[in-house]
file run35.pdb (PDB, C-alpha atoms)
ATOM      1  CA  MET A 409     -17.069 -18.402  16.316
ATOM      2  CA  SER A 410     -15.191 -21.475  15.260
ATOM      3  CA  TYR A 411     -11.469 -22.000  15.462
ATOM      4  CA  LEU A 412     -11.136 -21.752  11.677
ATOM      5  CA  SER A 413     -13.207 -18.587  11.345
ATOM      6  CA  ASN A 414     -11.245 -16.997  14.220
ATOM      7  CA  ALA A 415      -7.960 -17.919  12.529
ATOM      8  CA  TRP A 416      -9.125 -16.450   9.221
ATOM      9  CA  GLY A 417     -10.589 -13.346  10.859
ATOM     10  CA  HIS A 418      -7.435 -12.700  12.865
ATOM     11  CA  PHE A 419      -5.219 -13.276   9.824
ATOM     12  CA  LYS A 420      -7.254 -10.775   7.795
ATOM     13  CA  THR A 421      -7.170  -8.246  10.652
ATOM     14  CA  ILE A 422      -3.398  -8.378  11.133
ATOM     15  CA  ASN A 423      -2.826  -8.216   7.372
ATOM     16  CA  HIS A 424      -5.136  -5.208   7.111
ATOM     17  CA  HIS A 425      -3.359  -3.530  10.049
ATOM     18  CA  LYS A 426       0.088  -4.295   8.651
ATOM     19  CA  TYR A 427      -0.921  -2.885   5.256
ATOM     20  CA  GLU A 428      -2.240   0.339   6.850
ATOM     21  CA  VAL A 429       0.950   0.795   8.896
ATOM     22  CA  MET A 430       3.066   0.099   5.834
ATOM     23  CA  LYS A 431       1.201   2.774   3.846
ATOM     24  CA  ASN A 432       1.689   5.253   6.691
ATOM     25  CA  CYS A 433       5.391   4.455   7.081
ATOM     26  CA  PHE A 434       5.933   4.747   3.320
ATOM     27  CA  ARG A 435       4.272   8.188   3.404
ATOM     28  CA  ILE A 436       6.995   9.413   5.757
ATOM     29  CA  GLY A 437       9.962   7.606   4.212
ATOM     30  CA  LEU A 438      10.292   4.735   6.693
ATOM     31  CA  TYR A 439      10.234   1.981   4.059
ATOM     32  CA  LYS A 440      12.151  -0.715   5.936
ATOM     33  CA  GLN A 441      10.105  -0.195   9.101
ATOM     34  CA  GLY A 442       6.908  -0.316   7.063
ATOM     35  CA  LEU A 443       7.878  -3.647   5.518
ATOM     36  CA  LEU A 444       9.085  -5.219   8.772
ATOM     37  CA  HIS A 445       6.327  -3.847  11.022
ATOM     38  CA  ASP A 446       4.761  -6.400  13.390
ATOM     39  CA  LEU A 447       6.192  -9.522  11.769
ATOM     40  CA  SER A 448       6.114 -11.167  15.204
ATOM     41  CA  LYS A 449       2.302 -11.277  14.954
ATOM     42  CA  TYR A 450       2.756 -14.202  12.543
ATOM     43  CA  SER A 451       4.745 -16.213  15.110
ATOM     44  CA  TRP A 452       2.842 -19.046  16.754
ATOM     45  CA  THR A 453       3.256 -17.442  20.207
ATOM     46  CA  GLU A 454       1.250 -14.417  19.102
ATOM     47  CA  PHE A 455      -0.948 -15.913  16.401
ATOM     48  CA  ARG A 456      -2.468 -18.613  18.616
ATOM     49  CA  THR A 457      -3.638 -15.929  21.052
ATOM     50  CA  GLY A 458      -5.134 -14.108  18.100
ATOM     51  CA  ILE A 459      -7.079 -17.225  17.156
ATOM     52  CA  HIS A 460      -8.290 -17.985  20.668
ATOM     53  CA  TYR A 461      -9.235 -14.424  21.671
ATOM     54  CA  TYR A 462     -10.222 -12.959  18.297
ATOM     55  CA  ARG A 463     -13.255 -10.644  18.504
ATOM     56  CA  GLY A 464     -12.722  -8.431  15.444
ATOM     57  CA  TYR A 465     -13.160  -5.114  17.225
ATOM     58  CA  ARG A 466     -10.236  -5.050  19.673
ATOM     59  CA  SER A 467      -6.824  -6.567  20.170
ATOM     60  CA  PRO A 468      -6.907 -10.263  21.140
ATOM     61  CA  ASN A 469      -4.052  -9.492  23.546
ATOM     62  CA  SER A 470      -6.306  -7.096  25.462
ATOM     63  CA  VAL A 471      -9.063  -9.704  25.618
ATOM     64  CA  GLU A 472      -6.580 -12.289  26.896
ATOM     65  CA  ARG A 473      -5.338  -9.896  29.603
ATOM     66  CA  ILE A 474      -8.897  -9.172  30.727
ATOM     67  CA  GLU A 475      -9.798 -12.861  30.871
ATOM     68  CA  THR A 476      -6.578 -14.309  32.352
ATOM     69  CA  GLY A 477      -4.686 -11.380  33.887
ATOM     70  CA  VAL A 478      -1.695 -11.680  31.549
ATOM     71  CA  SER A 479      -1.013 -11.942  27.848
ATOM     72  CA  PRO A 480       2.107 -13.914  26.943
ATOM     73  CA  ALA A 481       1.468 -12.861  23.330
ATOM     74  CA  TRP A 482       1.661  -9.166  24.330
ATOM     75  CA  LEU A 483       4.843  -9.742  26.356
ATOM     76  CA  HIS A 484       6.339 -11.482  23.326
ATOM     77  CA  HIS A 485       5.160  -8.722  20.978
ATOM     78  CA  LYS A 486       6.326  -5.690  22.944
ATOM     79  CA  GLY A 487       9.688  -7.318  23.549
ATOM     80  CA  ARG A 488      10.367  -7.613  19.816
ATOM     81  CA  ASN A 489       8.885  -4.436  18.357
ATOM     82  CA  LYS A 490      10.708  -1.175  19.004
ATOM     83  CA  HIS A 491       7.720   0.968  18.046
ATOM     84  CA  HIS A 492       6.081   0.156  21.408
ATOM     85  CA  PHE A 493       7.122   2.389  24.287
ATOM     86  CA  GLU A 494       6.943  -0.673  26.542
ATOM     87  CA  TYR A 495       9.958  -2.081  24.667
ATOM     88  CA  TRP A 496      11.993   0.830  26.064
ATOM     89  CA  VAL A 497      11.374   0.190  29.784
ATOM     90  CA  ASP A 498      14.311  -0.392  32.115
ATOM     91  CA  TYR A 499      15.293  -0.034  35.747
ATOM     92  CA  ASP A 500      15.646   3.500  37.074
ATOM     93  CA  LEU A 501      19.279   3.866  38.131
ATOM     94  CA  GLU A 502      18.429   6.508  40.742
ATOM     95  CA  LYS A 503      15.372   4.881  42.351
ATOM     96  CA  LYS A 504      16.189   1.258  43.113
ATOM     97  CA  GLY A 505      13.397  -1.180  42.294
ATOM     98  CA  THR A 506      11.568   1.259  40.004
ATOM     99  CA  MET A 507      10.976   0.888  36.302
ATOM    100  CA  VAL A 508      11.102   3.889  33.996
ATOM    101  CA  GLY A 509      10.653   4.613  30.323
ATOM    102  CA  CYS A 510      13.761   5.275  28.250
ATOM    103  CA  ARG A 511      13.731   7.731  25.377
ATOM    104  CA  MET A 512      12.760   6.219  22.039
ATOM    105  CA  PRO A 513      14.642   7.065  18.846
ATOM    106  CA  TYR A 514      12.407   9.330  16.772
ATOM    107  CA  ARG A 515      12.035   6.869  13.901
ATOM    108  CA  TYR A 516      10.276   4.495  16.323
ATOM    109  CA  VAL A 517       8.095   7.291  17.706
ATOM    110  CA  ALA A 518       7.097   7.971  14.091
ATOM    111  CA  GLU A 519       6.320   4.276  13.557
ATOM    112  CA  MET A 520       4.365   4.195  16.832
ATOM    113  CA  PHE A 521       2.268   7.084  15.531
ATOM    114  CA  CYS A 522       1.683   5.243  12.239
ATOM    115  CA  ASP A 523       0.752   2.118  14.208
ATOM    116  CA  ARG A 524      -1.772   3.942  16.404
ATOM    117  CA  VAL A 525      -3.440   5.584  13.425
ATOM    118  CA  ALA A 526      -3.657   2.250  11.600
ATOM    119  CA  ALA A 527      -4.932   0.327  14.642
ATOM    120  CA  SER A 528      -7.611   2.953  15.255
ATOM    121  CA  LYS A 529      -8.742   2.751  11.626
ATOM    122  CA  VAL A 530      -8.823  -1.046  11.654
ATOM    123  CA  TYR A 531     -10.655  -1.445  14.972
ATOM    124  CA  LYS A 532     -12.958   1.597  14.695
ATOM    125  CA  GLY A 533     -13.850   1.057  11.041
ATOM    126  CA  LYS A 534     -16.488   3.543   9.875
ATOM    127  CA  GLU A 535     -16.513   5.175  13.326
ATOM    128  CA  TYR A 536     -12.876   6.289  12.903
ATOM    129  CA  ASN A 537     -12.053   9.983  13.011
ATOM    130  CA  ASN A 538      -8.770  11.824  13.520
ATOM    131  CA  SER A 539      -9.282  12.091  17.280
ATOM    132  CA  CYS A 540      -9.497   8.298  17.809
ATOM    133  CA  PRO A 541      -5.716   7.709  18.124
ATOM    134  CA  TRP A 542      -5.475  10.538  20.685
ATOM    135  CA  GLU A 543      -8.439   9.205  22.670
ATOM    136  CA  TYR A 544      -6.809   5.761  22.755
ATOM    137  CA  PHE A 545      -3.525   7.235  24.031
ATOM    138  CA  LYS A 546      -4.974   9.567  26.689
ATOM    139  CA  PRO A 547      -5.464   6.990  29.475
ATOM    140  CA  SER A 548      -1.807   5.874  29.323
ATOM    141  CA  LYS A 549      -0.125   9.190  28.483
ATOM    142  CA  ASP A 550       0.948   9.965  32.058
ATOM    143  CA  SER A 551       2.570   6.603  32.680
ATOM    144  CA  THR A 552       6.115   6.696  34.061
ATOM    145  CA  LEU A 553       6.850   3.949  31.539
ATOM    146  CA  ILE A 554       6.858   6.552  28.750
ATOM    147  CA  HIS A 555       9.907   8.781  28.675
ATOM    148  CA  PRO A 556       8.873  12.466  28.946
ATOM    149  CA  LYS A 557      10.416  13.351  25.566
ATOM    150  CA  THR A 558       8.771  10.364  23.874
ATOM    151  CA  ARG A 559       5.435  11.401  25.430
ATOM    152  CA  GLU A 560       5.941  14.967  24.201
ATOM    153  CA  GLU A 561       6.769  13.844  20.644
ATOM    154  CA  LEU A 562       3.869  11.389  20.365
ATOM    155  CA  THR A 563       1.422  13.834  21.968
ATOM    156  CA  LYS A 564       2.422  16.523  19.472
ATOM    157  CA  LEU A 565       1.727  14.184  16.546
ATOM    158  CA  LEU A 566      -1.572  12.864  17.897
ATOM    159  CA  LEU A 567      -2.882  16.344  18.695
ATOM    160  CA  MET A 568      -1.728  17.609  15.307
ATOM    161  CA  LEU A 569      -3.658  14.771  13.687
ATOM    162  CA  ARG A 570      -6.728  15.568  15.755
ATOM    163  CA  ASP A 571      -6.589  19.329  15.162
ATOM    164  CA  GLN A 572      -5.000  19.733  11.721
ATOM    165  CA  GLY A 573      -5.818  16.465   9.978
ATOM    166  CA  GLU A 574      -3.975  13.593   8.398
ATOM    167  CA  GLU A 575      -2.507  15.386   5.379
ATOM    168  CA  GLU A 576      -0.805  18.125   7.431
ATOM    169  CA  THR A 577       0.421  15.716  10.113
ATOM    170  CA  PHE A 578       1.981  13.269   7.660
ATOM    171  CA  ARG A 579       3.552  16.158   5.724
ATOM    172  CA  TYR A 580       5.127  17.440   8.954
ATOM    173  CA  LEU A 581       6.212  13.964  10.045
ATOM    174  CA  LYS A 582       7.865  13.208   6.696
ATOM    175  CA  GLN A 583       9.888  16.433   6.944
ATOM    176  CA  GLU A 584      10.804  15.764  10.572
ATOM    177  CA  VAL A 585      11.986  12.192   9.878
ATOM    178  CA  LYS A 586      14.035  13.454   6.913
ATOM    179  CA  ARG A 587      15.505  16.344   8.938
ATOM    180  CA  ARG A 588      16.524  14.103  11.821
ATOM    181  CA  ARG A 589      18.014  11.500   9.472
ATOM    182  CA  LYS A 590      20.172  14.148   7.759
ATOM    183  CA  ALA A 591      21.265  15.590  11.092
ATOM    184  CA  HIS A 592      21.939  12.079  12.471
ATOM    185  CA  ASP A 593      19.533  13.088  15.237
ATOM    186  CA  TYR A 594      18.147   9.694  16.104
ATOM    187  CA  PHE A 595      16.580  11.066  19.225
TER
END

call {"tool": "encode", "arguments": {"input": "run35.pdb", "output": "structure tokens"}}
result
Amino acid sequence: MSYLSNAWGHFKTINHHKYEVMKNCFRIGLYKQGLLHDLSKYSWTEFRTGIHYYRGYRSPNSVERIETGVSPAWLHHKGRNKHHFEYWVDYDLEKKGTMVGCRMPYRYVAEMFCDRVAASKVYKGKEYNNSCPWEYFKPSKDSTLIHPKTREELTKLLLMLRDQGEEETFRYLKQEVKRRRKAHDYF
């Protein structure tokens, strides 16, 4: 692929992904998060990696990590987007020298769910089914970099999607986001 076709392909992919996440966030009442989702992907730091490592069927950041061992674009992205559990990693105050996941506010867990559903739809295309987001999460679900409560909340949503379908899961999630907002229960 040429530089120009990679740039255009990547641009279309991130726009498609952003649109899918926005639709999902709007379904559950997270309008601001839907509009602002992944804006850092348009920064040169992230976009140039998208151009260079664009394949169309997986994240360019993953391709870059496989080929070079590190993805500066991913480090930039996860450090600016609160819907990634990696954003919420800090030093463990009890075990010196260890990193641990901190609990994510529920509105970001909800956005993370919307993001995973959208990414699975974009990258899987016609092969997408409601178990794809769960299958993508399974290999990383036991990481110490995910807070246990965050893991529990995301797992519940992904398994609900897999077992009960999109309509029921988004209905539940909309009610849960609304309930927590009213109760000022950000966690």

call {"tool": "closest_residue", "arguments": {"input": "run35.pdb", "among": "A:Met520, A:Leu447, A:Met507, A:Val471", "to": "Lys490 of chain A", "atoms": "only C-alpha atoms"}}
result
A:Met520

call {"tool": "resolve_selection", "arguments": {"input": "run35.pdb", "expression": "the PyMOL selection byres ((chain A and resi 562) around 12)", "output": "PyMOL selection string"}}
result
chain A and resi 491-493+511-525+541-542+545-546+548-549+554-561+563-569+577+581

call {"tool": "residues_around", "arguments": {"input": "run35.pdb", "residues": "Tyr499 of chain A", "least_positions_apart": "3", "cutoff": "12 Å", "atoms": "all atoms listed in the file", "output": "list in words"}}
result
Trp496, Glu502, Lys503, Lys504, Gly505, Thr506, Met507, Val508, Gly509, Cys510, Thr552 and Leu553 of chain A

call {"tool": "write_last_selection", "arguments": {"input": "run35.pdb", "atoms": "C-alpha atoms", "output": "tab-separated table (two decimals), in the frame of the given file"}}
result
chain	number	residue	atom	x	y	z
A	496	TRP	CA	11.99	0.83	26.06
A	502	GLU	CA	18.43	6.51	40.74
A	503	LYS	CA	15.37	4.88	42.35
A	504	LYS	CA	16.19	1.26	43.11
A	505	GLY	CA	13.40	-1.18	42.29
A	506	THR	CA	11.57	1.26	40.00
A	507	MET	CA	10.98	0.89	36.30
A	508	VAL	CA	11.10	3.89	34.00
A	509	GLY	CA	10.65	4.61	30.32
A	510	CYS	CA	13.76	5.28	28.25
A	552	THR	CA	6.12	6.70	34.06
A	553	LEU	CA	6.85	3.95	31.54

call {"tool": "residues_around", "arguments": {"input": "run35.pdb", "residues": "Leu444 of chain A", "least_positions_apart": "6", "cutoff": "12 Å", "atoms": "only C-alpha atoms", "output": "PDB file with C-alpha atoms, keeping the file's coordinate frame"}}
result
ATOM      1  CA  LYS A 426       0.088  -4.295   8.651  1.00  0.00           C
ATOM      2  CA  TYR A 427      -0.921  -2.885   5.256  1.00  0.00           C
ATOM      3  CA  VAL A 429       0.950   0.795   8.896  1.00  0.00           C
ATOM      4  CA  MET A 430       3.066   0.099   5.834  1.00  0.00           C
ATOM      5  CA  CYS A 433       5.391   4.455   7.081  1.00  0.00           C
ATOM      6  CA  PHE A 434       5.933   4.747   3.320  1.00  0.00           C
ATOM      7  CA  LEU A 438      10.292   4.735   6.693  1.00  0.00           C
ATOM      8  CA  TYR A 450       2.756 -14.202  12.543  1.00  0.00           C
ATOM      9  CA  ARG A 488      10.367  -7.613  19.816  1.00  0.00           C
ATOM     10  CA  ASN A 489       8.885  -4.436  18.357  1.00  0.00           C
ATOM     11  CA  LYS A 490      10.708  -1.175  19.004  1.00  0.00           C
ATOM     12  CA  HIS A 491       7.720   0.968  18.046  1.00  0.00           C
ATOM     13  CA  GLU A 519       6.320   4.276  13.557  1.00  0.00           C
TER      14      GLU A 519
END

call {"tool": "closest_residue", "arguments": {"input": "run35.pdb", "among": "A:Glu575, A:Ile422, A:Arg466, A:Thr453", "to": "Ser528 of chain A", "atoms": "all atoms listed in the file"}}
result
A:Arg466

call {"tool": "resolve_selection", "arguments": {"input": "run35.pdb", "expression": "the PyMOL selection byres ((chain A and resi 479-484) around 8)", "output": "PyMOL selection string"}}
result
chain A and resi 453-455+457+469-470+472-473+476-478+485-488

call {"tool": "residues_around", "arguments": {"input": "run35.pdb", "residues": "Lys529 of chain A", "least_positions_apart": "5", "cutoff": "9 Å", "atoms": "only C-alpha atoms", "output": "PyMOL selection string"}}
result
chain A and resi 425+428+524+534-537+540-541

call {"tool": "closest_residue", "arguments": {"input": "run35.pdb", "among": "A:Lys586, A:Ala527, A:Glu475, A:Phe595", "to": "Asp446 of chain A", "atoms": "only C-alpha atoms"}}
result
A:Ala527

call {"tool": "atom_distance", "arguments": {"input": "run35.pdb", "atom1": "atom CA of Lys420 of chain A", "atom2": "atom CA of Tyr462 of chain A"}}
result
11.1 Å

call {"tool": "closest_residue", "arguments": {"input": "run35.pdb", "among": "A:Val530, A:Leu412, A:Ile436, A:Leu443", "to": "Gly464 of chain A", "atoms": "all atoms listed in the file"}}
result
A:Val530

call {"tool": "decode", "arguments": {"input": "run35.pdb", "residues": "segment 438-553 of chain A", "atoms": "C-alpha atoms", "output": "short mmCIF file (atom, residue, chain, number, x, y, z; two decimals), in the first residue's frame"}}
result
data_model
loop_
_atom_site.label_atom_id
_atom_site.label_comp_id
_atom_site.auth_asym_id
_atom_site.auth_seq_id
_atom_site.Cartn_x
_atom_site.Cartn_y
_atom_site.Cartn_z
CA LEU A 438 -22.75 9.81 27.62
CA TYR A 439 -23.00 12.56 24.99
CA LYS A 440 -19.87 14.53 25.86
CA GLN A 441 -17.74 11.38 26.04
CA GLY A 442 -19.16 10.22 22.72
CA LEU A 443 -18.22 13.50 21.04
CA LEU A 444 -14.74 13.71 22.57
CA HIS A 445 -13.85 10.01 22.25
CA ASP A 446 -10.36 9.31 20.86
CA LEU A 447 -9.63 12.82 19.59
CA SER A 448 -5.94 12.11 20.23
CA LYS A 449 -5.99 9.71 17.26
CA TYR A 450 -5.96 12.80 15.02
CA SER A 451 -2.74 14.11 16.60
CA TRP A 452 0.38 13.67 14.49
CA THR A 453 1.98 11.44 17.16
CA GLU A 454 -0.77 8.87 16.74
CA PHE A 455 -1.84 9.48 13.15
CA ARG A 456 1.62 8.96 11.64
CA THR A 457 1.79 5.51 13.24
CA GLY A 458 -1.62 4.82 11.76
CA ILE A 459 -0.30 5.72 8.31
CA HIS A 460 2.90 3.71 8.60
CA TYR A 461 1.40 0.57 10.18
CA TYR A 462 -2.11 0.62 8.70
CA ARG A 463 -3.38 -2.85 7.74
CA GLY A 464 -7.16 -2.34 7.90
CA TYR A 465 -7.92 -5.35 10.07
CA ARG A 466 -6.14 -4.54 13.34
CA SER A 467 -4.85 -1.59 15.29
CA PRO A 468 -1.73 0.02 13.78
CA ASN A 469 -0.43 0.40 17.34
CA SER A 470 -0.46 -3.38 17.77
CA VAL A 471 1.38 -3.83 14.48
CA GLU A 472 3.98 -1.27 15.55
CA ARG A 473 4.49 -3.04 18.90
CA ILE A 474 4.95 -6.39 17.16
CA GLU A 475 7.45 -4.96 14.67
CA THR A 476 9.45 -2.63 16.96
CA GLY A 477 8.71 -3.73 20.53
CA VAL A 478 7.06 -0.45 21.53
CA SER A 479 4.38 1.87 20.25
CA PRO A 480 4.89 5.53 21.12
CA ALA A 481 1.46 6.17 19.58
CA TRP A 482 -0.15 3.73 22.06
CA LEU A 483 1.71 5.28 25.00
CA HIS A 484 0.48 8.69 23.86
CA HIS A 485 -3.07 7.40 23.35
CA LYS A 486 -3.53 5.55 26.64
CA GLY A 487 -2.09 8.48 28.55
CA ARG A 488 -4.77 10.84 27.23
CA ASN A 489 -7.90 8.69 27.11
CA LYS A 490 -9.54 7.77 30.40
CA HIS A 491 -11.59 4.96 28.88
CA HIS A 492 -8.46 2.76 28.76
CA PHE A 493 -7.71 0.86 31.95
CA GLU A 494 -4.01 1.44 31.26
CA TYR A 495 -4.60 5.16 31.92
CA TRP A 496 -5.44 4.23 35.53
CA VAL A 497 -2.17 2.46 36.41
CA ASP A 498 -0.06 3.70 39.31
CA TYR A 499 2.47 2.49 41.83
CA ASP A 500 1.21 0.10 44.49
CA LEU A 501 1.71 1.86 47.82
CA GLU A 502 2.03 -1.43 49.71
CA LYS A 503 4.37 -3.32 47.35
CA LYS A 504 7.26 -1.05 46.44
CA GLY A 505 8.26 -1.17 42.78
CA THR A 506 4.97 -2.75 41.66
CA MET A 507 2.38 -1.22 39.38
CA VAL A 508 -1.31 -1.79 39.98
CA GLY A 509 -4.58 -0.81 38.38
CA CYS A 510 -6.66 1.88 40.07
CA ARG A 511 -10.43 1.79 40.02
CA MET A 512 -12.00 3.54 37.04
CA PRO A 513 -15.03 5.81 37.43
CA TYR A 514 -18.03 3.96 36.02
CA ARG A 515 -18.64 6.44 33.21
CA TYR A 516 -15.22 5.48 31.78
CA VAL A 517 -15.92 1.76 32.23
CA ALA A 518 -19.11 2.37 30.23
CA GLU A 519 -17.13 4.20 27.53
CA MET A 520 -14.53 1.41 27.52
CA PHE A 521 -17.34 -1.07 26.87
CA CYS A 522 -18.67 1.11 24.03
CA ASP A 523 -15.14 1.35 22.63
CA ARG A 524 -14.58 -2.42 22.69
CA VAL A 525 -17.89 -3.11 20.97
CA ALA A 526 -17.14 -0.51 18.29
CA ALA A 527 -13.55 -1.68 17.73
CA SER A 528 -14.71 -5.28 17.38
CA LYS A 529 -17.34 -4.26 14.83
CA VAL A 530 -14.88 -2.16 12.84
CA TYR A 531 -12.05 -4.71 12.77
CA LYS A 532 -14.17 -7.88 12.51
CA GLY A 533 -16.61 -6.48 9.95
CA LYS A 534 -19.05 -9.15 8.76
CA GLU A 535 -17.45 -11.70 11.12
CA TYR A 536 -18.56 -9.67 14.17
CA ASN A 537 -20.87 -11.27 16.71
CA ASN A 538 -21.72 -10.33 20.29
CA SER A 539 -19.01 -12.57 21.73
CA CYS A 540 -16.16 -10.79 19.87
CA PRO A 541 -15.61 -8.04 22.49
CA TRP A 542 -15.47 -10.67 25.25
CA GLU A 543 -13.04 -12.84 23.28
CA TYR A 544 -10.79 -9.81 22.76
CA PHE A 545 -10.82 -9.01 26.49
CA LYS A 546 -10.26 -12.56 27.81
CA PRO A 547 -6.46 -12.71 27.38
CA SER A 548 -5.93 -9.52 29.42
CA LYS A 549 -8.73 -9.88 31.98
CA ASP A 550 -6.51 -11.25 34.76
CA SER A 551 -3.91 -8.52 34.51
CA THR A 552 -2.98 -6.80 37.78
CA LEU A 553 -3.16 -3.57 35.79
#
